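These notes are about the structure you will find just below.
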Amino acid sequence: MRLAVIIGSTRRGRFGPIVADWLAQEAVKQFEVDLLDLKAADLPTTLPDTDDETPAQVAVLAPRLAAADAFAVVTPEINCSFPASLKTALDWYYEEWHAKPVAIVSYGRESGGCYATAQLRQVFSELQAVTIRNTVALPCYWEQFTADGGWPKPSAGYEAQAKLMLDQLTWWAEALRDARTRRPYKH
């Protein structure tokens, strides 16, 4: 089973790579992990007309998304939403998301990114992807660093949340992969 872990933030000083690395370490127990950093992908922010040629950066990322059996999106919450870089990535692709499960790991202030998660559920529904119920929300994540700079503190309890989320994601990934194998998804 292949899991694409997507780092949704492209800001300088971003926290997303720390969370994504942590999640990838948790996920390798159940998945082959492909870490996709939208900052490195450098997708164009302007979408094309239907007759335009596909930009090289978009073509490079497409097969990696298509090969995934499941996705885990790591996103900050910015102004009660998710970042424009993540929306751009969602909009550049369509069939790559179809009939695949998505887990969401969000971080932010007191809400832990729950507003971003709610909005992502709506967008993924339109992309014909299935968001799983359980998420990992990281409120005030900056308080969970250890004295030596590690993250997260063992007492944060994030591992249990991640395990439950990844167990559900595994079930959905297997079920939807089997369904797509038996009968190709039609949109």
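Labels for the structure tokens follow display order: chains A, B, ..., residues from 1 in each chain, ligands from 1.
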Would you mind listing what lies within 10 Å of Gln119 in chain A as a CSV table (one decimal) with N, CA, C and O atoms, in the first residue's frame, with only C-alpha atoms counted and same-chain residues fewer than 6 positions away left out?
chain,number,residue,atom,x,y,z
A,80,CYS,N,-8.4,30.6,9.4
A,80,CYS,CA,-9.5,29.7,9.5
A,80,CYS,C,-9.7,28.8,8.2
A,80,CYS,O,-10.8,28.4,7.9
A,81,SER,N,-8.6,28.6,7.5
A,81,SER,CA,-8.6,27.8,6.3
A,81,SER,C,-7.3,27.2,6.0
A,81,SER,O,-6.4,27.3,6.9
A,82,PHE,N,-7.2,26.5,4.9
A,82,PHE,CA,-5.9,25.9,4.6
A,82,PHE,C,-5.2,26.7,3.6
A,82,PHE,O,-5.8,27.6,3.0
Name the residues in contact with Glu96 in chain A at a cut-off of 6 Å, using only C-alpha atoms, excluding same-chain residues fewer than 2 positions from it; report them as a PyMOL selection string. chain A and resi 65-66+94+98
With range 126-150 of chain A as the partner and 10 Å as the cut-off, tabulate the residues of range 44-86 of chain A that qualify, each row holding the nearest pair of atoms and their distance in Å to one decimal, using only C-alpha atoms, sorted by chain and rising number, as JSON lines.
{"residue": "A:Ala70", "atom": "CA", "partner": "A:Ala129", "partner_atom": "CA", "distance": 9.5}
{"residue": "A:Phe71", "atom": "CA", "partner": "A:Thr131", "partner_atom": "CA", "distance": 9.2}
{"residue": "A:Ala72", "atom": "CA", "partner": "A:Thr131", "partner_atom": "CA", "distance": 9.6}
{"residue": "A:Val74", "atom": "CA", "partner": "A:Val136", "partner_atom": "CA", "distance": 9.4}
{"residue": "A:Thr75", "atom": "CA", "partner": "A:Ala137", "partner_atom": "CA", "distance": 9.8}
{"residue": "A:Pro76", "atom": "CA", "partner": "A:Leu138", "partner_atom": "CA", "distance": 9.3}
Could you work out how far CA of Ala62 in chain A lies from CA of Asp49 in chain A, giving the answer in Å with one decimal?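 If I compute the distance from CA of Asp49 in chain A to CA of Ala62 in chain A, I get 17.9 Å.
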Which is closer to Met165 in chain A than all the others in A:Leu86, A:Val102, A:Glu110, A:Glu32, using only C-alpha atoms? A:Val102
List the spatial neighbours of Pro17 in chain A as a PyMOL selection string - criterion: any atom at most 12 Å away, only C-alpha atoms, same-chain residues fewer than 6 positions off excluded. chain A and resi 5-11+23-24+35-40+73-76+105+107+151
Using backbone DSSP assignments, extract all strand (DSSP E) residues from chain A; output them as a PyMOL selection string. chain A and resi 2-7+32-37+70-76+101-108+130-131+136-139
Taking only range 43-131 of chain A into account, list the residues labelled alpha helix (DSSP H) by DSSP (computed from the backbone), as a PyMOL selection string. chain A and resi 56-67+84-92+114-126
What's the 10 Å shell around Met1 in chain A, counting only C-alpha atoms, without same-chain residues fewer than 5 positions away, as a VMD selection string? chain A and resid 30 to 33 67 to 70 170 173 to 174 177
Long-range neighbours of Glu159 in chain A as a VMD selection string, 10 Å cut-off, only C-alpha atoms, 3 positions minimum in chain: chain A and resid 22 to 23 26 136 152 154 to 156 162 to 165
Just to confirm, what's the straight-line distance from CA of Gln57 in chain A to CA of Leu43 in chain A in Å (one decimal)?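 Separation between CA of Gln57 in chain A and CA of Leu43 in chain A: 5.8 Å.
Nearest residue to Val28 in chain A, choosing from A:Ser85, A:Pro63, A:Leu120, A:Arg2 and counting only C-alpha atoms: A:Arg2.
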Separation of CA of Glu53 in chain A and CA of Asp91 in chain A, in Å?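 Computed distance, CA of Glu53 in chain A to CA of Asp91 in chain A, equals 15.7 Å.
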Among the residues A:Asn79, A:Ser106, A:Gln25, A:Ala59, the one that comes closest to Trp92 in chain A [using only C-alpha atoms]: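 Smallest distance to Trp92 in chain A is found for A:Ala59.
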